[in-house]
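Q: Sending over a structure as structure tokens; questions will come in a sec.
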Amino acid sequence: RLAELRDTKAQSLIAELEETVGLAKADLEKATARLAQLEAEVGSDLTELRILNESSSGESTLRQAITQIERELREQKAQQLANQQLLSLLKVAQNDPERLVATPNQLLQSQPALARLKAGLVDAQLRTSQALGLMSRQHPQVMAAMAEEEDVRRRLHSELAVAASGLQAELDMNAQRIVSLKEQLADAQTRVSRLASLRATYNNLVAEVQQRTDVWNNAQNDLADAQASQ
């Protein structure tokens, strides 16, 4: 009779534990379904959300992309400003080449042909000045130096028009690139903001799934122990 009583108690405990395992499994499946639904809504940014949730610094690929876009955007704006300044100078220099002579060489780094012609004009002016210091304007050497200087001016004037046209095209490309970068940056920042707003919910769901998993595993272990004891 004692054996029968112990067997009855064991069967009752096993039945209770089986019910506990079933309830724990049902809770786990519900929590897992909610987590899966959220992950499906996140879509391609799921990896970013997981990194954001697991990493204290939150330095994900998306944040690195934002940093890169911001750096390139600053570079494009700086290049655009430099090109605008140079274009304004070139337009003025088309009527007054002497303005180009006074231009810093750093501003002409993107225009090597203009830089060479500028140096050539300076050299030609120097030769003309030296010749005038020794001879009259009617002297053949002076006239040759003046003719050479005028030739350099003509070539410089022609090159200025070409350079201005090229700079305008480059400015158009700068503007298009800046617009594209701003759109990329806005999109990336929107994605980061959305992920940040989902972070707390996602973290809670992940923790709940883990907790439900632990409860289910413990219930299964208890059931296995009870069956072995019986």
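Ordered as shown in the structure tokens, chains take letters A, B, and onward, while each chain numbers its residues from 1 and ligands are numbered from 1 in the order shown.
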If you take only C-alpha atoms and a cut-off of 9 Å, which residues of stretch 118-225 of chain A touch stretch 14-31 of chain A, and what are their nearest atom pairs and distances in Å to one decimal, in chain and number order, as a Markdown table?
A:
```
| residue | atom | partner | partner_atom | distance |
| --- | --- | --- | --- | --- |
| A:Leu205 | CA | A:Ala31 | CA | 6.9 |
| A:Val206 | CA | A:Ala31 | CA | 8.6 |
| A:Glu208 | CA | A:Ala31 | CA | 6.7 |
| A:Val209 | CA | A:Ala31 | CA | 5.6 |
| A:Gln210 | CA | A:Leu28 | CA | 8.6 |
| A:Gln211 | CA | A:Leu28 | CA | 8.5 |
| A:Arg212 | CA | A:Leu28 | CA | 5.0 |
| A:Thr213 | CA | A:Leu28 | CA | 6.2 |
| A:Val215 | CA | A:Ala24 | CA | 6.4 |
| A:Trp216 | CA | A:Ala24 | CA | 5.0 |
| A:Asn217 | CA | A:Val21 | CA | 8.4 |
| A:Asn218 | CA | A:Val21 | CA | 8.7 |
| A:Ala219 | CA | A:Val21 | CA | 5.4 |
| A:Gln220 | CA | A:Val21 | CA | 6.1 |
| A:Asp222 | CA | A:Leu17 | CA | 7.2 |
| A:Leu223 | CA | A:Leu17 | CA | 5.5 |
| A:Ala224 | CA | A:Ile14 | CA | 8.8 |
```
Q: I want to know what sits within 8 Å of stretch 149-154 of chain A, based on only C-alpha atoms, with residues of the same chain fewer than 4 positions away left out; could you give that as a short mmCIF file (atom, residue, chain, number, x, y, z; two decimals) with N, CA and C atoms, in the first residue's frame?
A:
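Full text of around_32.cif as output:
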```
data_model
loop_
_atom_site.label_atom_id
_atom_site.label_comp_id
_atom_site.auth_asym_id
_atom_site.auth_seq_id
_atom_site.Cartn_x
_atom_site.Cartn_y
_atom_site.Cartn_z
N PRO A 97 44.17 89.89 -66.56
CA PRO A 97 45.08 88.77 -66.27
C PRO A 97 45.97 89.03 -65.07
N LEU A 117 50.96 78.71 -67.19
CA LEU A 117 50.83 79.96 -67.95
C LEU A 117 51.04 81.18 -67.04
N GLY A 120 54.61 81.47 -66.66
CA GLY A 120 55.17 81.97 -67.92
C GLY A 120 54.94 83.46 -68.10
N LEU A 121 53.77 83.93 -67.69
CA LEU A 121 53.48 85.36 -67.80
C LEU A 121 54.37 86.17 -66.87
N ALA A 124 57.74 86.30 -68.47
CA ALA A 124 57.74 87.19 -69.63
C ALA A 124 57.72 88.65 -69.19
N GLN A 125 56.93 88.97 -68.17
CA GLN A 125 56.90 90.34 -67.65
C GLN A 125 58.26 90.74 -67.08
N THR A 128 60.58 91.45 -69.99
CA THR A 128 60.23 92.74 -70.59
C THR A 128 60.74 93.90 -69.73
N ALA A 145 60.47 90.84 -76.51
CA ALA A 145 60.02 90.49 -75.17
C ALA A 145 58.56 90.87 -74.98
N SER A 158 42.78 82.44 -73.40
CA SER A 158 42.09 81.29 -73.97
C SER A 158 41.94 80.17 -72.95
#
```
Q: From the options A:Ala175, A:Ala226, A:Leu195, A:Ala207, which residue's atoms come nearest to A:Leu49, counting only C-alpha atoms?
A: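 That would be A:Leu195, the residue with the smallest distance to A:Leu49.
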Q: Do you know which residues are at most 12 Å from A:Asn53 counting only C-alpha atoms, after dropping those on the same chain fewer than 4 positions away, and could you put them as a count of residues only?
A: 21
Q: Out of A:Ser88, A:Thr32, A:Ser229, A:Gln11, which residue has the shortest atom-to-atom distance to A:Ser165 when counting only C-alpha atoms?
A: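 Of A:Ser88, A:Thr32, A:Ser229, A:Gln11, the one nearest A:Ser165 is A:Ser88, counting only C-alpha atoms.
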Q: Taking 3 positions as the minimum chain separation for residues in the same chain, which residues sit within 8 Å of A:Ile66 when counting only C-alpha atoms? Answer as a PDB file with N, CA and C atoms, in the first residue's frame.
A:
```pdb
ATOM      1  N   LEU A  62      26.138  50.742 -39.658  1.00  0.00           N
ATOM      2  CA  LEU A  62      25.332  51.887 -40.076  1.00  0.00           C
ATOM      3  C   LEU A  62      25.886  53.188 -39.504  1.00  0.00           C
ATOM      4  N   ARG A  63      26.301  53.168 -38.256  1.00  0.00           N
ATOM      5  CA  ARG A  63      26.884  54.378 -37.651  1.00  0.00           C
ATOM      6  C   ARG A  63      28.220  54.722 -38.310  1.00  0.00           C
ATOM      7  N   ILE A  69      29.869  59.233 -44.463  1.00  0.00           N
ATOM      8  CA  ILE A  69      29.081  60.159 -45.288  1.00  0.00           C
ATOM      9  C   ILE A  69      29.298  61.587 -44.827  1.00  0.00           C
ATOM     10  N   GLU A  70      29.300  61.802 -43.508  1.00  0.00           N
ATOM     11  CA  GLU A  70      29.506  63.152 -42.978  1.00  0.00           C
ATOM     12  C   GLU A  70      30.887  63.685 -43.357  1.00  0.00           C
ATOM     13  N   LEU A 185      22.621  60.587 -46.032  1.00  0.00           N
ATOM     14  CA  LEU A 185      22.769  60.869 -44.606  1.00  0.00           C
ATOM     15  C   LEU A 185      21.401  60.901 -43.917  1.00  0.00           C
ATOM     16  N   ALA A 188      20.119  57.339 -43.601  1.00  0.00           N
ATOM     17  CA  ALA A 188      20.838  56.588 -42.564  1.00  0.00           C
ATOM     18  C   ALA A 188      20.444  57.056 -41.171  1.00  0.00           C
ATOM     19  N   GLN A 189      20.310  58.366 -40.999  1.00  0.00           N
ATOM     20  CA  GLN A 189      19.921  58.899 -39.684  1.00  0.00           C
ATOM     21  C   GLN A 189      18.493  58.489 -39.322  1.00  0.00           C
TER      22      GLN A 189
END
```
Q: Would you compute the distance between atom CA of A:Gln68 and atom CA of A:Gln184? Give it in Å to one decimal.
A: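 Atom-to-atom, atom CA of A:Gln68 to atom CA of A:Gln184, that is 10.9 Å.
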